[in-house]
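Asks: Here you go, query-v9.cif (mmCIF, C-alpha atoms):
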data_upload
#
loop_
_atom_site.label_atom_id
_atom_site.label_comp_id
_atom_site.auth_asym_id
_atom_site.auth_seq_id
_atom_site.Cartn_x
_atom_site.Cartn_y
_atom_site.Cartn_z
CA MET A 26 99.97 372.50 47.27
CA SER A 27 98.53 369.92 44.87
CA VAL A 28 94.84 369.11 44.79
CA ALA A 29 93.82 365.59 45.81
CA ILE A 30 92.83 363.07 43.11
CA ASP A 31 91.36 359.61 43.68
CA VAL A 32 92.86 357.32 41.00
CA HIS A 33 90.51 354.38 41.52
CA THR A 34 86.80 355.00 41.15
CA HIS A 35 84.15 353.43 38.95
CA LEU A 36 80.98 354.35 37.12
CA ALA A 37 78.83 352.40 34.71
CA PRO A 38 78.69 353.82 31.19
CA VAL A 39 75.42 355.37 30.10
CA ALA A 40 73.36 352.43 28.87
CA ALA A 41 72.15 354.15 25.71
CA ALA A 42 75.71 354.07 24.35
CA LEU A 43 75.90 350.26 24.52
CA THR A 44 74.84 348.73 21.21
CA ASP A 45 75.90 345.11 21.83
CA PRO A 46 73.01 342.60 21.67
CA GLY A 47 74.22 340.93 24.86
CA VAL A 48 73.26 344.01 26.88
CA THR A 49 69.83 344.92 28.19
CA VAL A 50 68.49 347.23 30.88
CA ASP A 51 66.28 346.08 33.75
CA ALA A 52 64.98 348.50 36.38
CA GLU A 53 67.65 351.02 35.38
CA ARG A 54 70.42 348.45 35.86
CA ILE A 55 72.58 347.21 32.98
CA VAL A 56 72.37 343.46 32.36
CA ILE A 57 75.41 341.99 30.61
CA ASP A 58 75.11 338.47 29.22
CA GLY A 59 72.33 337.77 31.73
CA GLN A 60 74.19 339.18 34.75
CA THR A 61 72.91 342.39 36.35
CA VAL A 62 75.50 345.01 37.28
CA GLY A 63 73.67 345.93 40.43
CA VAL A 64 75.69 348.35 42.58
CA ALA A 65 73.30 351.31 42.61
CA ASP A 66 75.87 354.10 42.89
CA LEU A 67 77.59 352.99 39.68
CA TYR A 68 74.71 354.72 37.91
CA ARG A 69 74.89 357.93 39.97
CA PRO A 70 77.71 360.30 38.99
CA ALA A 71 76.34 362.80 41.51
CA ALA A 72 76.94 360.25 44.28
CA LEU A 73 80.58 359.99 43.20
CA VAL A 74 80.91 363.76 43.39
CA ASP A 75 79.35 363.68 46.86
CA TYR A 76 81.93 361.07 47.89
CA LEU A 77 84.74 363.28 46.57
CA ASP A 78 83.47 366.18 48.68
CA HIS A 79 83.18 364.01 51.79
CA ALA A 80 86.61 362.40 51.38
CA GLY A 81 88.46 365.61 50.48
CA PHE A 82 89.16 365.05 46.77
CA ALA A 83 89.04 367.61 44.02
CA SER A 84 88.61 365.04 41.25
CA ALA A 85 88.81 361.37 40.31
CA TRP A 86 89.96 359.05 37.59
CA VAL A 87 86.91 357.04 36.60
CA SER A 88 86.96 353.65 34.88
CA ALA A 89 84.29 351.12 33.99
CA PRO A 90 84.25 348.25 36.51
CA PRO A 91 85.28 344.67 35.64
CA PRO A 92 81.79 343.42 34.65
CA PHE A 93 82.22 345.61 31.56
CA TYR A 94 85.52 344.00 30.49
CA ARG A 95 83.85 341.00 28.80
CA GLN A 96 87.17 339.39 27.92
CA ASP A 97 85.51 336.45 26.16
CA LEU A 98 84.20 338.53 23.24
CA ALA A 99 85.57 337.91 19.75
CA ALA A 100 87.90 340.62 18.47
CA ASP A 101 85.46 342.31 16.08
CA ARG A 102 82.68 342.42 18.65
CA CYS A 103 85.14 343.54 21.34
CA ALA A 104 86.32 346.47 19.22
CA GLN A 105 82.81 347.92 19.07
CA TRP A 106 82.12 347.06 22.70
CA VAL A 107 85.09 348.91 24.19
CA GLN A 108 84.37 351.90 21.96
CA ASP A 109 80.78 351.98 23.19
CA VAL A 110 81.82 351.54 26.83
CA HIS A 111 84.17 354.48 26.62
CA ALA A 112 81.58 356.66 24.89
CA GLY A 113 79.09 355.81 27.63
CA LEU A 114 81.65 356.47 30.36
CA VAL A 115 82.53 359.84 28.85
CA GLU A 116 78.82 360.69 28.85
CA ALA A 117 78.44 359.63 32.49
CA CYS A 118 81.44 361.71 33.55
CA ALA A 119 80.27 364.75 31.56
CA GLN A 120 77.86 365.50 34.39
CA SER A 121 80.80 366.93 36.36
CA GLY A 122 84.11 368.41 35.31
CA ARG A 123 85.67 366.70 38.33
CA LEU A 124 85.36 363.23 36.79
CA ARG A 125 88.08 362.09 34.35
CA PRO A 126 87.03 359.07 32.25
CA ILE A 127 89.73 356.47 31.65
CA ALA A 128 89.53 354.31 28.51
CA TYR A 129 89.73 350.52 28.82
CA LEU A 130 92.18 348.60 26.62
CA PRO A 131 91.23 344.94 25.94
CA LEU A 132 94.57 343.15 26.33
CA GLU A 133 92.96 339.85 25.35
CA HIS A 134 93.02 341.24 21.79
CA PRO A 135 96.33 343.13 21.38
CA GLU A 136 95.42 344.54 17.98
CA VAL A 137 92.18 346.01 19.38
CA ALA A 138 94.01 347.39 22.43
CA ILE A 139 96.55 349.12 20.20
CA GLU A 140 93.81 350.55 17.98
CA ARG A 141 91.89 351.80 21.03
CA TYR A 142 94.97 353.48 22.50
CA GLN A 143 95.67 355.23 19.22
CA ALA A 144 92.07 356.49 19.24
CA VAL A 145 92.22 357.99 22.74
CA ARG A 146 95.87 358.97 23.24
CA HIS A 147 95.38 362.51 21.93
CA GLN A 148 92.76 363.06 24.65
CA ASN A 149 94.15 361.10 27.57
CA THR A 150 97.29 358.96 27.92
CA VAL A 151 96.02 357.53 31.20
CA VAL A 152 94.30 354.25 30.33
CA THR A 153 93.25 351.10 32.15
CA ALA A 154 93.42 347.38 31.39
CA ALA A 155 92.83 344.04 33.05
CA ALA A 156 95.49 342.24 35.05
CA GLY A 157 94.85 338.58 34.37
CA GLY A 158 91.57 337.04 33.40
CA GLY A 159 91.59 336.61 29.63
CA SER A 160 94.44 339.02 28.92
CA VAL A 161 97.41 337.74 26.96
CA ARG A 162 100.71 337.68 28.80
CA LEU A 163 101.82 341.27 29.20
CA ASP A 164 105.21 340.42 27.71
CA ASP A 165 103.61 338.91 24.60
CA ALA A 166 105.27 340.27 21.46
CA ALA A 167 101.87 341.27 20.09
CA LEU A 168 101.65 344.00 22.75
CA ALA A 169 105.03 345.55 21.84
CA PRO A 170 103.48 348.32 19.68
CA LEU A 171 101.24 349.33 22.58
CA TRP A 172 104.13 349.59 25.03
CA GLN A 173 106.16 351.52 22.45
CA ALA A 174 103.37 354.04 21.91
CA MET A 175 102.73 354.46 25.63
CA ASN A 176 106.44 354.81 26.30
CA ALA A 177 106.67 357.59 23.72
CA ASP A 178 103.76 359.35 25.45
CA GLN A 179 105.09 358.69 28.97
CA GLY A 180 101.69 357.10 29.39
CA VAL A 181 100.09 355.70 32.52
CA LEU A 182 98.45 352.27 32.67
CA LEU A 183 96.08 351.63 35.57
CA LEU A 184 96.18 347.85 35.97
CA HIS A 185 92.95 346.50 37.47
CA PRO A 186 92.19 342.81 38.06
CA GLY A 187 89.45 341.44 35.88
CA SER A 188 88.86 337.82 36.83
CA THR A 189 90.98 334.85 37.75
CA PRO A 190 91.16 331.66 35.67
CA ASP A 191 91.84 329.63 38.84
CA HIS A 192 88.61 327.74 39.51
CA ARG A 193 89.85 326.64 42.93
CA LEU A 194 88.97 330.14 44.09
CA ALA A 195 85.27 329.93 43.18
CA ALA A 196 84.14 329.30 46.77
CA HIS A 197 84.15 331.69 49.71
CA TYR A 198 84.51 334.88 47.59
CA GLN A 199 88.16 333.96 47.04
CA GLU A 200 88.14 335.02 43.38
CA ASN A 201 88.06 338.55 44.78
CA LEU A 202 89.80 338.23 48.14
CA THR A 203 92.72 336.12 46.96
CA GLY A 204 92.45 336.10 43.18
CA ASN A 205 92.45 339.85 42.55
CA PRO A 206 95.68 340.70 44.41
CA THR A 207 97.34 337.60 42.97
CA GLU A 208 96.45 338.51 39.39
CA THR A 209 98.07 341.91 39.95
CA ALA A 210 101.30 340.25 41.08
CA ILE A 211 101.29 337.89 38.10
CA ALA A 212 100.79 340.78 35.67
CA LEU A 213 103.65 342.70 37.27
CA SER A 214 105.92 339.63 37.08
CA GLN A 215 105.30 339.50 33.32
CA LEU A 216 106.10 343.18 32.88
CA ILE A 217 109.27 342.87 34.97
CA PHE A 218 110.71 339.48 33.95
CA GLY A 219 109.54 339.91 30.37
CA ASN A 220 111.69 343.07 30.24
CA VAL A 221 108.72 345.23 29.23
CA LEU A 222 109.55 347.84 31.86
CA SER A 223 113.30 347.84 31.25
CA ALA A 224 112.70 348.31 27.51
CA HIS A 225 110.11 351.07 28.05
CA GLN A 226 111.42 353.17 30.90
CA GLN A 227 108.93 356.01 30.41
CA LEU A 228 105.97 353.65 30.83
CA ARG A 229 104.25 354.13 34.20
CA ILE A 230 102.18 351.40 35.81
CA VAL A 231 99.64 352.22 38.53
CA THR A 232 98.39 349.18 40.44
CA VAL A 233 95.25 348.98 42.54
CA HIS A 234 94.76 347.20 45.87
CA CYS A 235 98.17 348.42 47.10
CA ALA A 236 100.02 346.45 44.38
CA GLY A 237 98.30 343.22 45.39
CA THR A 238 100.59 340.49 46.70
CA MET A 239 103.63 341.81 44.85
CA PRO A 240 105.25 343.67 47.79
CA MET A 241 105.41 340.40 49.72
CA LEU A 242 106.98 338.65 46.73
CA ALA A 243 109.63 341.20 45.78
CA GLY A 244 112.27 339.74 48.09
CA ARG A 245 111.61 336.25 46.70
CA TRP A 246 111.89 337.58 43.16
CA GLN A 247 115.24 339.16 44.00
CA ARG A 248 116.43 335.89 45.53
CA GLY A 249 115.55 334.10 42.31
CA ILE A 250 117.55 336.65 40.34
CA ASP A 251 120.53 336.38 42.68
CA THR A 252 120.61 332.59 42.53
CA LYS A 253 120.10 332.51 38.74
CA ARG A 254 116.97 330.38 38.79
CA PRO A 255 116.21 328.65 35.48
CA GLY A 256 113.99 330.49 33.05
CA LEU A 257 114.88 334.00 34.23
CA PRO A 258 116.19 336.39 31.59
CA GLU A 259 119.86 337.04 30.92
CA PRO A 260 121.24 339.54 31.57
CA ALA A 261 119.56 339.58 34.94
CA VAL A 262 116.61 341.88 35.55
CA ASP A 263 117.41 345.04 37.51
CA LEU A 264 114.51 344.59 39.91
CA PRO A 265 114.96 347.83 41.92
CA ALA A 266 114.94 349.83 38.68
CA ALA A 267 111.81 348.05 37.43
CA LEU A 268 109.99 348.66 40.70
CA ARG A 269 110.53 352.41 40.26
CA GLN A 270 108.10 352.27 37.31
CA ILE A 271 105.28 350.97 39.53
CA TRP A 272 102.87 353.07 41.57
CA PHE A 273 100.24 351.70 43.95
CA ASP A 274 97.00 352.88 45.44
CA SER A 275 96.16 353.00 49.15
CA ILE A 276 93.63 350.13 49.32
CA ALA A 277 95.46 347.80 51.70
CA HIS A 278 92.90 347.48 54.51
CA ASP A 279 95.86 347.22 56.88
CA PRO A 280 98.41 349.95 57.75
CA ALA A 281 101.15 347.32 58.05
CA ALA A 282 100.45 346.05 54.53
CA MET A 283 100.59 349.60 53.18
CA ALA A 284 103.83 350.17 55.06
CA LEU A 285 105.34 347.11 53.38
CA ALA A 286 104.37 348.43 49.94
CA VAL A 287 105.89 351.79 50.85
CA GLN A 288 109.10 350.05 51.94
CA VAL A 289 109.34 347.94 48.78
CA LEU A 290 108.17 350.43 46.14
CA GLY A 291 108.89 353.79 47.76
CA ALA A 292 106.88 356.40 49.59
CA ASP A 293 106.83 358.51 46.43
CA ARG A 294 104.87 355.79 44.60
CA LEU A 295 101.83 355.78 46.89
CA VAL A 296 98.64 357.40 45.53
CA PRO A 297 95.11 357.68 46.98
CA GLY A 298 92.51 355.24 45.71
CA SER A 299 89.10 354.17 46.99
CA ASP A 300 87.57 351.59 44.58
CA TRP A 301 84.36 353.60 44.99
CA PRO A 302 81.53 352.47 45.17
CA PHE A 303 82.40 348.83 45.88
CA PRO A 304 82.23 347.24 49.37
CA MET A 305 85.84 346.06 49.13
CA GLY A 306 86.99 349.64 48.72
CA SER A 307 87.53 352.47 51.16
CA GLY A 308 85.42 355.48 52.00
CA ASP A 309 88.38 357.59 53.15
CA PRO A 310 91.71 356.91 51.38
CA LEU A 311 93.49 359.91 52.88
CA ALA A 312 92.65 358.68 56.37
CA ASP A 313 93.92 355.22 55.39
CA ILE A 314 97.24 356.73 54.38
CA ALA A 315 97.40 358.75 57.58
CA ALA A 316 96.82 355.58 59.62
CA CYS A 317 99.96 354.17 58.04
CA ASP A 318 102.02 357.37 58.28
CA ALA A 319 100.52 360.87 58.50
CA THR A 320 103.59 362.35 56.80
CA LEU A 321 102.72 360.43 53.61
CA VAL A 322 99.37 362.10 52.95
CA GLN A 323 100.58 365.26 51.22
CA GLN A 324 103.26 363.32 49.37
CA ALA A 325 100.62 360.95 47.99
CA ILE A 326 98.51 363.90 46.87
CA ASP A 327 101.52 365.47 45.15
CA THR A 328 102.50 362.16 43.53
CA VAL A 329 99.16 361.64 41.83
CA ALA A 330 99.12 365.26 40.70
CA GLN A 331 102.34 364.56 38.79
CA LEU A 332 100.87 361.42 37.24
CA ALA A 333 97.72 363.30 36.31
CA THR A 334 99.65 365.50 33.89
CA ALA A 335 99.81 362.51 31.50
#
Before anything else, please render the file you have as structure tokens.

Replies:
Amino acid sequence: MSVAIDVHTHLAPVAAALTDPGVTVDAERIVIDGQTVGVADLYRPAALVDYLDHAGFASAWVSAPPPFYRQDLAADRCAQWVQDVHAGLVEACAQSGRLRPIAYLPLEHPEVAIERYQAVRHQNTVVTAAAGGGSVRLDDAALAPLWQAMNADQGVLLLHPGSTPDHRLAAHYQENLTGNPTETAIALSQLIFGNVLSAHQQLRIVTVHCAGTMPMLAGRWQRGIDTKRPGLPEPAVDLPAALRQIWFDSIAHDPAAMALAVQVLGADRLVPGSDWPFPMGSGDPLADIAACDATLVQQAIDTVAQLATA
């Protein structure tokens, strides 16, 4: 029996590792470009370990949360920033062997993302990057060397929404509630219709928030393929094959929504994720999966164990 792993947790990097002049510390909270990253448990690795014990997990993948993406930085400043963030995250996770730090790749600067992957791939071929926000299109030719390297490693990319450029969503918390799942779907559309997945069939994509709005759109995408809508690639995309390269975490907040993702992507692509310690996450991912279908719990645990060998 595999041990349970939560693929979607966050910690702040240790502040002392951050050398960028845009970063200060106020009352033990990191302040980035004047904005305080204020969720208290982000600074408490022991609280994450306590959560793992409570929720029945042996370990967790840990990434820096979106406030640390800073996608507007120039390339040279970004290169140092993402290096510092990873060093600080490694230091935060060193407090427990149950926490696996995941390096962030800045897709807004493809050359920096490629350099960062080359720096960390010998340690960990599970990495994370932003879906949307300031990232270049994921089928941009400048990212081809990254996909080639990750394909050779059978690497895993945890796609996490950063921000949305749609200013209509500024009110009513919609940048998170609507923007985040939409940015995930847009990123996946670029990987699929840009033939990134078909050209790199050993590349594995793990999406958060139960694959966002993509499961609802998959039928529409297939209809567009079948009716040869203008602008779609020729030869036609093999959508079912592309979807087999996509995994999704359990943060759906609705058993019916999770069931749809299972139907579209496959029961063997579901993995546990909490988004700890954020309010829009879940305190009990295994119970969430059981609420959808109790028979899926052990399969989800086994699935992430296979991914974790990357």

Asks: Using only C-alpha atoms, can you tell me which of A:Val115, A:Phe93, A:Asp263, A:Ser27 comes closest to Pro70 of chain A?

Replies: A:Val115

Asks: Measuring atom to atom with all atoms listed in the file, identify which of A:Thr153, A:Thr189, A:Asn201, A:Gln331 is nearest to Ile230 of chain A.

Replies: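 Smallest separation from Ile230 of chain A among the options: A:Thr153.
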
Asks: Considering all atoms listed in the file, state which residue in the set A:Ala155, A:Ala40, A:Ala174, A:Leu98 is at the smallest distance from Ser188 of chain A.

Replies: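 Result for the nearest residue to Ser188 of chain A: A:Ala155.
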
Asks: Between A:Leu222, A:Ile127, A:Leu311, A:Leu77, which one has atoms that come closest to Asn149 of chain A, using only C-alpha atoms?

Replies: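 The closest residue to Asn149 of chain A is A:Ile127.
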
Asks: Just how far from atom CA of Arg123 of chain A is atom CA of Ser84 of chain A, in Å to one decimal?

Replies: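 Calculated distance between atom CA of Ser84 of chain A and atom CA of Arg123 of chain A is 4.5 Å.
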
Asks: Could segment 235-254 of chain A be completed with N, CA and C atoms and written as a PDB file, in the frame of the given file, please?

Replies:
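Dumped everything to rebuild-v6.pdb:
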ATOM      1  N   CYS A 235      96.850 348.291  46.464  1.00  0.00           N
ATOM      2  CA  CYS A 235      98.170 348.420  47.100  1.00  0.00           C
ATOM      3  C   CYS A 235      99.189 347.455  46.485  1.00  0.00           C
ATOM      4  N   ALA A 236      99.115 347.302  45.162  1.00  0.00           N
ATOM      5  CA  ALA A 236     100.020 346.450  44.380  1.00  0.00           C
ATOM      6  C   ALA A 236      99.775 344.967  44.621  1.00  0.00           C
ATOM      7  N   GLY A 237      98.635 344.617  45.193  1.00  0.00           N
ATOM      8  CA  GLY A 237      98.300 343.220  45.390  1.00  0.00           C
ATOM      9  C   GLY A 237      99.306 342.500  46.268  1.00  0.00           C
ATOM     10  N   THR A 238      99.645 341.275  45.895  1.00  0.00           N
ATOM     11  CA  THR A 238     100.590 340.490  46.700  1.00  0.00           C
ATOM     12  C   THR A 238     102.039 340.733  46.305  1.00  0.00           C
ATOM     13  N   MET A 239     102.268 341.596  45.324  1.00  0.00           N
ATOM     14  CA  MET A 239     103.630 341.810  44.850  1.00  0.00           C
ATOM     15  C   MET A 239     104.617 342.281  45.916  1.00  0.00           C
ATOM     16  N   PRO A 240     104.256 343.238  46.805  1.00  0.00           N
ATOM     17  CA  PRO A 240     105.250 343.670  47.790  1.00  0.00           C
ATOM     18  C   PRO A 240     105.797 342.529  48.643  1.00  0.00           C
ATOM     19  N   MET A 241     104.950 341.542  48.944  1.00  0.00           N
ATOM     20  CA  MET A 241     105.410 340.400  49.720  1.00  0.00           C
ATOM     21  C   MET A 241     106.337 339.499  48.913  1.00  0.00           C
ATOM     22  N   LEU A 242     106.213 339.538  47.591  1.00  0.00           N
ATOM     23  CA  LEU A 242     106.980 338.650  46.730  1.00  0.00           C
ATOM     24  C   LEU A 242     108.301 339.252  46.247  1.00  0.00           C
ATOM     25  N   ALA A 243     108.470 340.548  46.377  1.00  0.00           N
ATOM     26  CA  ALA A 243     109.630 341.200  45.780  1.00  0.00           C
ATOM     27  C   ALA A 243     110.948 340.617  46.277  1.00  0.00           C
ATOM     28  N   GLY A 244     111.042 340.328  47.562  1.00  0.00           N
ATOM     29  CA  GLY A 244     112.270 339.740  48.090  1.00  0.00           C
ATOM     30  C   GLY A 244     112.533 338.366  47.491  1.00  0.00           C
ATOM     31  N   ARG A 245     111.478 337.575  47.309  1.00  0.00           N
ATOM     32  CA  ARG A 245     111.610 336.250  46.700  1.00  0.00           C
ATOM     33  C   ARG A 245     112.050 336.375  45.243  1.00  0.00           C
ATOM     34  N   TRP A 246     111.473 337.347  44.539  1.00  0.00           N
ATOM     35  CA  TRP A 246     111.890 337.580  43.160  1.00  0.00           C
ATOM     36  C   TRP A 246     113.383 337.924  43.089  1.00  0.00           C
ATOM     37  N   GLN A 247     113.827 338.789  44.002  1.00  0.00           N
ATOM     38  CA  GLN A 247     115.240 339.160  44.000  1.00  0.00           C
ATOM     39  C   GLN A 247     116.125 337.950  44.313  1.00  0.00           C
ATOM     40  N   ARG A 248     115.668 337.100  45.216  1.00  0.00           N
ATOM     41  CA  ARG A 248     116.430 335.890  45.530  1.00  0.00           C
ATOM     42  C   ARG A 248     116.549 335.000  44.299  1.00  0.00           C
ATOM     43  N   GLY A 249     115.490 334.887  43.539  1.00  0.00           N
ATOM     44  CA  GLY A 249     115.550 334.100  42.310  1.00  0.00           C
ATOM     45  C   GLY A 249     116.540 334.673  41.319  1.00  0.00           C
ATOM     46  N   ILE A 250     116.580 335.992  41.224  1.00  0.00           N
ATOM     47  CA  ILE A 250     117.550 336.650  40.340  1.00  0.00           C
ATOM     48  C   ILE A 250     118.978 336.374  40.823  1.00  0.00           C
ATOM     49  N   ASP A 251     119.184 336.540  42.125  1.00  0.00           N
ATOM     50  CA  ASP A 251     120.530 336.380  42.680  1.00  0.00           C
ATOM     51  C   ASP A 251     121.069 334.966  42.533  1.00  0.00           C
ATOM     52  N   THR A 252     120.190 333.984  42.603  1.00  0.00           N
ATOM     53  CA  THR A 252     120.610 332.590  42.530  1.00  0.00           C
ATOM     54  C   THR A 252     120.441 332.018  41.121  1.00  0.00           C
ATOM     55  N   LYS A 253     120.148 332.890  40.157  1.00  0.00           N
ATOM     56  CA  LYS A 253     120.100 332.510  38.740  1.00  0.00           C
ATOM     57  C   LYS A 253     119.177 331.323  38.501  1.00  0.00           C
ATOM     58  N   ARG A 254     117.942 331.439  38.986  1.00  0.00           N
ATOM     59  CA  ARG A 254     116.970 330.380  38.790  1.00  0.00           C
ATOM     60  C   ARG A 254     116.687 330.178  37.307  1.00  0.00           C
TER      61      ARG A 254
END
